[in-house]
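Have a look at final09.csv; it's CSV, C-alpha atoms:
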```csv
chain,number,residue,atom,x,y,z
A,274,MET,CA,-8.0,-86.2,133.5
A,275,ARG,CA,-9.2,-83.7,130.9
A,276,SER,CA,-12.7,-85.0,131.0
A,277,LEU,CA,-12.7,-84.7,134.8
A,278,LEU,CA,-11.5,-81.1,134.6
A,279,SER,CA,-14.2,-80.3,131.9
A,280,ARG,CA,-16.8,-81.3,134.5
A,281,PHE,CA,-15.2,-79.3,137.3
A,282,PRO,CA,-16.9,-75.9,137.8
A,283,ILE,CA,-13.5,-74.1,137.9
A,284,ASP,CA,-12.0,-73.7,134.5
A,285,GLY,CA,-8.2,-74.0,133.7
A,286,PHE,CA,-7.7,-70.2,133.7
A,287,ILE,CA,-9.1,-70.0,137.3
A,288,LEU,CA,-7.0,-73.0,138.3
A,289,ALA,CA,-3.9,-71.2,136.9
A,290,ILE,CA,-4.7,-68.1,138.9
A,291,LEU,CA,-5.2,-70.1,142.1
A,292,ALA,CA,-1.9,-71.9,141.4
A,293,ALA,CA,-0.2,-68.5,141.0
A,294,VAL,CA,-1.6,-67.4,144.4
A,295,GLY,CA,-0.4,-70.7,146.0
A,296,ILE,CA,3.1,-70.4,144.4
A,297,ALA,CA,3.3,-66.8,145.6
A,298,ALA,CA,2.4,-67.8,149.1
A,299,ILE,CA,5.2,-70.4,149.2
A,300,PHE,CA,7.8,-68.9,146.9
A,301,PRO,CA,7.2,-65.1,146.6
A,302,ALA,CA,9.4,-63.0,144.3
A,303,ARG,CA,12.1,-61.4,146.3
A,304,GLY,CA,15.2,-59.3,145.8
A,305,THR,CA,16.5,-58.8,142.3
A,306,PHE,CA,13.9,-61.3,140.9
A,307,ALA,CA,11.1,-59.1,142.3
A,308,ASP,CA,12.7,-55.9,140.8
A,309,VAL,CA,12.9,-57.7,137.4
A,310,LEU,CA,9.3,-59.0,137.8
A,311,ASP,CA,8.0,-55.5,138.4
A,312,TRP,CA,9.3,-54.4,135.0
A,313,VAL,CA,8.1,-57.6,133.3
A,314,VAL,CA,4.6,-56.9,134.7
A,315,VAL,CA,4.6,-53.4,133.4
A,316,VAL,CA,5.4,-54.7,129.9
A,317,ALA,CA,2.8,-57.5,130.2
A,318,ILE,CA,0.1,-55.0,131.2
A,319,ALA,CA,0.9,-52.7,128.3
A,320,LEU,CA,0.9,-55.7,125.9
A,321,LEU,CA,-2.4,-56.8,127.4
A,322,PHE,CA,-4.2,-53.5,126.7
A,323,PHE,CA,-2.5,-53.2,123.3
A,324,LEU,CA,-4.1,-56.5,122.4
A,325,TYR,CA,-7.5,-55.3,123.8
A,326,GLY,CA,-7.2,-52.2,121.6
A,327,ALA,CA,-6.2,-54.2,118.6
A,328,ARG,CA,-9.2,-56.6,118.9
A,329,LEU,CA,-12.0,-54.2,119.7
A,330,HIS,CA,-13.3,-52.5,116.6
A,331,PRO,CA,-14.6,-49.0,117.5
A,332,ARG,CA,-17.7,-49.7,115.4
A,333,GLN,CA,-18.7,-52.4,117.8
A,334,ALA,CA,-19.7,-49.8,120.4
A,335,LEU,CA,-21.6,-47.8,117.7
A,336,GLU,CA,-23.3,-50.4,115.5
A,337,GLY,CA,-25.7,-51.4,118.2
A,338,LEU,CA,-26.9,-48.0,119.1
A,339,ALA,CA,-30.2,-48.7,117.3
A,340,HIS,CA,-31.1,-50.7,120.4
A,341,TRP,CA,-30.0,-47.9,122.7
A,342,ARG,CA,-32.3,-48.9,125.5
A,343,LEU,CA,-30.7,-52.3,125.9
A,344,HIS,CA,-27.1,-50.9,126.0
A,345,LEU,CA,-28.1,-48.0,128.2
A,346,ILE,CA,-29.6,-50.2,130.9
A,347,ILE,CA,-26.6,-52.7,130.8
A,348,LEU,CA,-24.1,-49.9,131.2
A,349,SER,CA,-26.2,-48.3,133.9
A,350,PHE,CA,-26.1,-51.6,135.9
A,351,THR,CA,-22.4,-51.9,135.4
A,352,PHE,CA,-21.2,-48.3,136.0
A,353,VAL,CA,-24.1,-46.8,138.1
A,354,ALA,CA,-26.0,-49.5,140.1
A,355,PHE,CA,-22.9,-51.6,141.0
A,356,PRO,CA,-20.8,-48.6,142.3
A,357,LEU,CA,-23.8,-47.3,144.3
A,358,ILE,CA,-24.2,-50.7,145.9
A,359,GLY,CA,-20.5,-50.9,146.6
A,360,LEU,CA,-20.6,-47.5,148.3
A,361,ALA,CA,-23.7,-48.3,150.3
A,362,LEU,CA,-22.0,-51.5,151.6
A,363,GLN,CA,-18.8,-49.7,152.8
A,364,PRO,CA,-20.1,-48.8,156.3
A,365,VAL,CA,-20.9,-52.5,156.9
A,366,LEU,CA,-17.9,-54.0,155.1
A,367,ARG,CA,-15.1,-51.9,156.8
A,368,PRO,CA,-15.7,-53.1,160.3
A,369,LEU,CA,-16.4,-56.6,159.1
A,370,LEU,CA,-13.6,-57.1,156.6
A,371,GLY,CA,-11.1,-54.3,157.3
A,372,HIS,CA,-10.3,-51.2,155.2
A,373,ASP,CA,-8.3,-52.9,152.4
A,374,LEU,CA,-10.7,-55.8,151.7
A,375,ALA,CA,-13.7,-53.4,151.9
A,376,ALA,CA,-11.9,-51.3,149.3
A,377,GLY,CA,-11.5,-54.4,147.2
A,378,MET,CA,-15.2,-55.1,147.4
A,379,LEU,CA,-15.8,-51.5,146.2
A,380,TYR,CA,-13.2,-51.8,143.5
A,381,LEU,CA,-14.9,-55.0,142.0
A,382,CYS,CA,-18.1,-52.9,141.7
A,383,LEU,CA,-16.2,-50.4,139.5
A,384,VAL,CA,-14.7,-52.6,136.8
A,385,PRO,CA,-16.3,-53.3,133.5
A,386,SER,CA,-18.3,-56.4,132.4
A,387,THR,CA,-16.7,-59.4,130.9
A,388,VAL,CA,-16.9,-60.0,127.2
A,389,GLN,CA,-16.4,-63.7,126.4
A,390,SER,CA,-18.4,-65.2,129.3
A,391,SER,CA,-21.2,-62.7,129.0
A,392,ILE,CA,-21.7,-63.5,125.3
A,393,ALA,CA,-21.2,-67.3,125.9
A,394,PHE,CA,-23.9,-67.5,128.6
A,395,THR,CA,-26.3,-65.3,126.6
A,396,SER,CA,-25.8,-67.7,123.7
A,397,ILE,CA,-26.4,-70.8,125.8
A,398,ALA,CA,-29.5,-69.3,127.3
A,399,ARG,CA,-30.8,-68.3,123.8
A,400,GLY,CA,-30.8,-64.6,124.5
A,401,ASN,CA,-30.0,-61.6,122.4
A,402,VAL,CA,-26.4,-62.5,121.4
A,403,ALA,CA,-25.9,-59.5,119.0
A,404,GLY,CA,-26.9,-57.2,121.8
A,405,ALA,CA,-24.6,-58.9,124.3
A,406,ILE,CA,-21.7,-58.6,121.9
A,407,VAL,CA,-22.2,-54.9,121.4
A,408,SER,CA,-22.9,-54.1,125.1
A,409,ALA,CA,-20.1,-56.2,126.6
A,410,SER,CA,-17.6,-54.8,124.1
A,411,ALA,CA,-18.8,-51.3,124.8
A,412,SER,CA,-18.5,-51.9,128.5
A,413,ASN,CA,-14.8,-52.9,128.1
A,414,LEU,CA,-14.2,-50.0,125.7
A,415,ILE,CA,-15.7,-47.5,128.1
A,416,GLY,CA,-14.3,-49.1,131.2
A,417,VAL,CA,-10.7,-48.5,130.1
A,418,VAL,CA,-11.4,-44.8,130.7
A,419,LEU,CA,-14.3,-44.9,133.1
A,420,THR,CA,-13.1,-47.4,135.7
A,421,PRO,CA,-9.9,-45.4,136.6
A,422,LEU,CA,-12.0,-42.2,136.8
A,423,LEU,CA,-14.5,-44.0,139.1
A,424,VAL,CA,-11.6,-45.2,141.3
A,425,VAL,CA,-10.2,-41.7,141.5
A,426,ALA,CA,-13.6,-40.2,142.3
A,427,LEU,CA,-14.8,-42.8,144.8
A,428,MET,CA,-11.7,-44.4,146.3
A,429,SER,CA,-9.0,-41.7,146.4
A,430,GLY,CA,-8.2,-40.8,150.0
A,431,THR,CA,-10.5,-43.4,151.5
A,432,ASN,CA,-9.9,-47.0,152.8
A,433,GLY,CA,-6.2,-46.3,152.9
A,434,VAL,CA,-6.1,-45.9,149.1
A,435,HIS,CA,-4.5,-42.8,147.6
A,436,ILE,CA,-4.5,-42.0,143.9
A,437,THR,CA,-1.6,-39.6,143.1
A,438,GLY,CA,-0.4,-37.8,140.1
A,439,SER,CA,2.1,-40.6,139.4
A,440,SER,CA,-0.7,-43.1,139.6
A,441,ILE,CA,-2.6,-41.2,136.9
A,442,GLY,CA,0.6,-41.0,134.8
A,443,LYS,CA,0.8,-44.8,135.1
A,444,ILE,CA,-2.8,-45.2,134.0
A,445,VAL,CA,-2.0,-43.2,130.9
A,446,ALA,CA,1.3,-44.8,130.1
A,447,GLU,CA,0.4,-48.5,130.9
A,448,ILE,CA,-3.3,-48.6,130.0
A,449,LEU,CA,-4.6,-45.8,127.8
A,450,VAL,CA,-1.5,-45.3,125.5
A,451,PRO,CA,-1.2,-49.1,124.7
A,452,PHE,CA,-5.0,-49.3,124.2
A,453,VAL,CA,-5.0,-46.3,121.8
A,454,LEU,CA,-1.9,-47.7,120.0
A,455,GLY,CA,-3.8,-51.0,119.6
A,456,GLN,CA,-6.7,-49.2,118.1
A,457,LEU,CA,-4.5,-47.3,115.7
A,458,CYS,CA,-2.6,-50.5,114.7
A,459,ARG,CA,-5.7,-52.6,114.4
A,460,PRO,CA,-5.9,-52.6,110.6
A,461,TRP,CA,-2.5,-54.3,110.4
A,462,VAL,CA,-2.5,-56.3,113.7
A,463,SER,CA,-6.1,-57.7,113.6
A,464,PRO,CA,-5.5,-60.2,110.8
A,465,PHE,CA,-2.5,-61.6,112.7
A,466,LEU,CA,-4.5,-61.9,115.9
A,467,LYS,CA,-7.4,-63.7,114.1
A,468,ARG,CA,-4.9,-66.1,112.5
A,469,PHE,CA,-3.2,-66.9,115.8
A,470,ALA,CA,-6.1,-66.5,118.1
A,471,GLU,CA,-5.2,-69.4,120.5
A,472,PRO,CA,-1.5,-68.3,121.0
A,473,THR,CA,-2.5,-64.7,121.6
A,474,LYS,CA,-5.2,-65.9,124.1
A,475,LEU,CA,-2.3,-67.6,126.0
A,476,VAL,CA,-0.5,-64.3,126.0
A,477,ASP,CA,-3.7,-62.7,127.5
A,478,ARG,CA,-4.1,-65.2,130.2
A,479,GLY,CA,-0.4,-65.7,130.9
A,480,SER,CA,-0.1,-61.9,131.5
A,481,ILE,CA,-3.0,-62.0,134.0
A,482,VAL,CA,-1.5,-65.0,135.8
A,483,LEU,CA,1.8,-63.1,136.0
A,484,VAL,CA,0.1,-60.1,137.4
A,485,VAL,CA,-1.6,-62.3,140.1
A,486,TYR,CA,1.7,-63.8,141.0
A,487,ALA,CA,3.4,-60.4,141.3
A,488,ALA,CA,0.6,-58.9,143.2
A,489,PHE,CA,0.4,-61.7,145.7
A,490,SER,CA,4.2,-61.9,146.0
A,491,GLU,CA,4.1,-58.3,147.1
A,492,GLY,CA,1.3,-59.1,149.5
A,493,VAL,CA,3.2,-62.0,151.0
A,494,ARG,CA,6.2,-59.8,151.5
A,495,ASN,CA,3.9,-57.4,153.3
A,496,GLY,CA,2.3,-60.2,155.4
A,497,ILE,CA,-1.0,-60.5,153.6
A,498,TRP,CA,-1.8,-63.9,155.1
A,499,SER,CA,-1.2,-62.7,158.6
A,500,ILE,CA,-3.7,-60.0,157.9
A,501,VAL,CA,-6.4,-62.1,156.1
A,502,ASP,CA,-8.1,-64.8,158.2
A,503,ALA,CA,-10.0,-67.8,156.9
A,504,TRP,CA,-13.3,-66.4,158.2
A,505,GLN,CA,-12.7,-63.2,156.1
A,506,VAL,CA,-12.3,-65.3,153.0
A,507,VAL,CA,-15.6,-67.1,153.8
A,508,ALA,CA,-17.3,-63.8,154.5
A,509,MET,CA,-16.2,-62.4,151.2
A,510,ALA,CA,-17.4,-65.5,149.4
A,511,ALA,CA,-20.8,-65.2,151.1
A,512,ILE,CA,-21.0,-61.5,150.3
A,513,ALA,CA,-20.0,-62.1,146.7
A,514,THR,CA,-22.6,-64.8,146.4
A,515,ALA,CA,-25.3,-62.6,147.8
A,516,LEU,CA,-24.2,-59.7,145.5
A,517,VAL,CA,-24.4,-62.0,142.3
A,518,VAL,CA,-27.8,-63.4,143.3
A,519,ALA,CA,-29.2,-59.9,144.1
A,520,MET,CA,-27.9,-58.4,140.9
A,521,LEU,CA,-29.2,-61.3,138.8
A,522,TRP,CA,-32.7,-60.8,140.4
A,523,PHE,CA,-32.5,-57.0,139.9
A,524,THR,CA,-31.3,-57.2,136.3
A,525,GLY,CA,-34.2,-59.6,135.6
A,526,TRP,CA,-36.9,-57.8,137.5
A,527,LEU,CA,-36.4,-54.2,136.2
A,528,PRO,CA,-36.1,-55.0,132.5
A,529,ARG,CA,-39.3,-57.1,132.6
A,530,ARG,CA,-41.0,-54.1,134.3
A,531,LEU,CA,-39.7,-52.0,131.4
A,532,HIS,CA,-41.2,-54.5,128.9
A,533,PHE,CA,-37.9,-55.8,127.4
A,534,SER,CA,-38.2,-59.1,125.5
A,535,ARG,CA,-37.1,-62.4,127.0
A,536,GLU,CA,-34.0,-62.4,124.8
A,537,ASP,CA,-33.1,-58.9,125.9
A,538,VAL,CA,-33.6,-59.7,129.6
A,539,ILE,CA,-31.2,-62.6,129.3
A,540,ALA,CA,-28.6,-60.4,127.6
A,541,ILE,CA,-29.1,-57.7,130.3
A,542,GLN,CA,-28.7,-60.2,133.1
A,543,PHE,CA,-25.5,-61.8,131.9
A,544,CYS,CA,-23.9,-58.6,130.7
A,545,GLY,CA,-25.1,-56.4,133.6
A,546,THR,CA,-24.0,-58.7,136.5
A,547,LYS,CA,-20.5,-59.6,135.3
A,548,LYS,CA,-17.2,-58.1,136.4
A,549,SER,CA,-14.1,-58.6,134.4
A,550,LEU,CA,-11.1,-60.3,136.0
A,551,ALA,CA,-9.1,-59.9,132.8
A,552,THR,CA,-9.5,-56.1,132.9
A,553,GLY,CA,-9.7,-55.5,136.7
A,554,LEU,CA,-6.5,-57.3,137.7
A,555,PRO,CA,-4.1,-55.4,135.5
A,556,MET,CA,-5.8,-52.1,136.3
A,557,ALA,CA,-5.5,-52.7,140.0
A,558,THR,CA,-1.8,-53.2,139.6
A,559,VAL,CA,-1.5,-49.8,138.0
A,560,LEU,CA,-4.0,-48.0,140.2
A,561,PHE,CA,-2.9,-49.1,143.7
A,562,SER,CA,0.3,-49.3,145.6
A,563,GLY,CA,2.0,-52.7,145.8
A,564,SER,CA,1.4,-53.2,149.5
A,565,VAL,CA,-2.4,-53.3,149.1
A,566,VAL,CA,-2.9,-54.8,145.6
A,567,GLY,CA,-3.2,-58.4,146.8
A,568,LEU,CA,-5.9,-57.4,149.2
A,569,ILE,CA,-7.7,-55.2,146.7
A,570,VAL,CA,-7.9,-57.9,144.0
A,571,LEU,CA,-8.8,-60.8,146.3
A,572,PRO,CA,-12.6,-59.9,146.4
A,573,LEU,CA,-12.7,-59.6,142.6
A,574,MET,CA,-11.1,-63.0,142.2
A,575,ILE,CA,-13.6,-64.6,144.5
A,576,PHE,CA,-16.5,-62.8,142.9
A,577,HIS,CA,-15.4,-63.8,139.4
A,578,GLN,CA,-15.4,-67.5,140.2
A,579,ILE,CA,-18.8,-67.3,142.0
A,580,GLN,CA,-20.4,-65.4,139.1
A,581,LEU,CA,-19.2,-68.1,136.6
A,582,ILE,CA,-20.7,-70.9,138.7
A,583,ILE,CA,-24.0,-69.3,139.3
A,584,CYS,CA,-24.4,-67.9,135.7
A,585,SER,CA,-23.5,-71.2,134.3
A,586,TRP,CA,-26.3,-72.9,136.2
A,587,MET,CA,-28.7,-70.1,135.2
A,588,ALA,CA,-27.8,-70.2,131.5
A,589,THR,CA,-28.4,-73.9,131.5
A,590,ARG,CA,-31.8,-73.4,133.2
A,591,TYR,CA,-32.8,-70.8,130.6
A,592,ALA,CA,-31.7,-73.2,127.8
A,593,ARG,CA,-33.9,-76.0,129.2
A,594,GLU,CA,-36.9,-73.6,129.5
A,595,ALA,CA,-36.4,-72.5,125.9
A,596,ALA,CA,-36.1,-76.1,124.7
A,597,ALA,CA,-39.3,-77.0,126.6
A,598,ASP,CA,-41.2,-74.1,125.1
A,599,THR,CA,-40.1,-75.1,121.6
A,600,SER,CA,-41.2,-78.7,122.2
A,601,ASP,CA,-44.6,-77.5,123.5
A,602,GLU,CA,-45.1,-75.3,120.4
A,603,ALA,CA,-44.1,-78.3,118.1
A,604,ALA,CA,-46.6,-80.5,119.9
A,605,ARG,CA,-49.4,-78.1,119.2
```
Show me the file's structure as structure tokens.
Amino acid sequence: MRSLLSRFPIDGFILAILAAVGIAAIFPARGTFADVLDWVVVVAIALLFFLYGARLHPRQALEGLAHWRLHLIILSFTFVAFPLIGLALQPVLRPLLGHDLAAGMLYLCLVPSTVQSSIAFTSIARGNVAGAIVSASASNLIGVVLTPLLVVALMSGTNGVHITGSSIGKIVAEILVPFVLGQLCRPWVSPFLKRFAEPTKLVDRGSIVLVVYAAFSEGVRNGIWSIVDAWQVVAMAAIATALVVAMLWFTGWLPRRLHFSREDVIAIQFCGTKKSLATGLPMATVLFSGSVVGLIVLPLMIFHQIQLIICSWMATRYAREAAADTSDEAAR
């Protein structure tokens, strides 16, 4: 069974998220359980961002500044190109998908890059791993502050989304304060996290699965599945696929025109096209009202799975090309 799952393109974490959606659809949290779950989710989100802060060394975002062109172009793709594309697509997506799902497509364009998968794919493809580590870490470090600001600037008062003073207070209390506390406690907490890396990873992923269950329970109670049709899910998958492919082309074409090395281009492609489910889901729970969270995060969940499948294939292709080049050089 394990060998079968290892060949399946969806990893265990994604399967757990899909299971949480399925359980929420059949057995949504209601009544007292829902009230308790809301408080548990608040604690889980705070713990999640505390762990992010404790793991990320501030120097990681500074040590790579010697290669500032690499990091600047990756951050520009993540926090400039993606948001502009998301905004440009809104007039088309609103009548096609509806206001809330269109808002979700815009929201996925505002979240930071992934860390683990960006670095892993860059390594498999034999790209600039050191650059990927610095840029992906910097993206998450900056995204903790920049993503909420982008949401406030670009989404407040539109698509039925309203960012209020209480929402900003929740951002500070549930995201920024735990993150800063994690940074401050890092000298004492980091050794523990390194020693118990696997159990703490379960805490990370368990928190996100819990957030998904709570968000979709709220959505089910508000009739999410009577609002979303099967064709809308298919349309979102098609749009997400087109977006991943277009950004992979753009993040490859422009750096080559700017004379980046092959290794740098690979790092730019895998860091500049990713969107973090681990950061985006908890943020959405804090930023948006419960009635729309399920719809807001659905495009991000679909996009995340599609980006993993496509980038996995692409990294493997890059690895084969590098191996062939090495064989040709050895033959000479």
Check your understanding: Which one of A:Ala595, A:Ala515, A:Ala487, A:Leu324 sits closest to Leu310 in chain A if you count all atoms listed in the file?
Key ->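 Checking each candidate against Leu310 in chain A, we get A:Ala487 as the closest.
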Review point. Quick one: distance from CA of His372 in chain A to CA of Leu554 in chain A in Å, one decimal?
Key: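 So the two atoms, CA of His372 in chain A and CA of Leu554 in chain A, lie 18.9 Å apart.
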**Study point:** Residue nearest Ala354 in chain A among A:Ile415, A:Leu550, A:Ala446, A:Leu383 (counting all atoms listed in the file)
**Key:** A:Leu383
**Study point:** For range 389-402 of chain A: contacts at 9 Å, all atoms listed in the file, fewer than 3 positions along chain excluded, given as a PyMOL selection string
**Key:** chain A and resi 386+405-407+409+535-547+581+584-585+587-595
Check your understanding: Between CA of Leu449 in chain A and CA of Thr473 in chain A, what is the spacing in Å?
Key -> 20.0 Å
**Study point:** Neighbour list for range 356-369 of chain A as a ChimeraX atom specification, cut-off 7 Å, only C-alpha atoms, skip fewer than 2 positions in-chain
**Key:** /A:352-354,371-372,375,378-379,382-383
**Study point:** Phe489 in chain A environment, 7 Å, only C-alpha atoms, sequence neighbours closer than 5 positions dropped, as a list of chain:residue names
**Key:** A:Val294, A:Ala297, A:Gly567
Check your understanding: Which neighbours of Arg459 in chain A fall inside 9 Å, counting all atoms listed in the file, when residues of the same chain fewer than 3 positions from it are skipped, and could you give them as a PyMOL selection string?
Key -> chain A and resi 326-330+454-456+462-464
Exercise for review: Would you mind listing what lies within 12 Å of Val450 in chain A as a ChimeraX atom specification, with only C-alpha atoms counted and same-chain residues fewer than 6 positions away left out?
Suggested key: /A:318-326,417-418,442-444,456-457
Exercise for review: Using only C-alpha atoms, pick whichever of A:Trp526, A:Phe576, A:Trp461, A:Phe561 has the shortest atom-to-atom distance to Ala510 in chain A.
Suggested key: A:Phe576
Review point. With distances taken over all atoms listed in the file, which of A:Val565, A:Ala289, A:Leu345, A:Ile583 is nearest to Pro528 in chain A?
Key: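 Nearest candidate to Pro528 in chain A out of A:Val565, A:Ala289, A:Leu345, A:Ile583: A:Leu345.
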Practice item. Provide the CA of Ala293 in chain A to CA of Val570 in chain A distance in Å, to one decimal place. Key: 13.4 Å
Exercise for review: Using all atoms listed in the file, pick whichever of A:Val484, A:Leu370, A:Ala519, A:Met428 has the shortest atom-to-atom distance to Ala551 in chain A.
Suggested key: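 Residue with the minimum atom-to-atom distance to Ala551 in chain A: A:Val484.
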Review point. Closest to Met574 in chain A among A:Ile290, A:Val518, A:Arg342, A:Asn413, using only C-alpha atoms?
Key: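 Using only C-alpha atoms, Met574 in chain A sits closest to A:Ile290.
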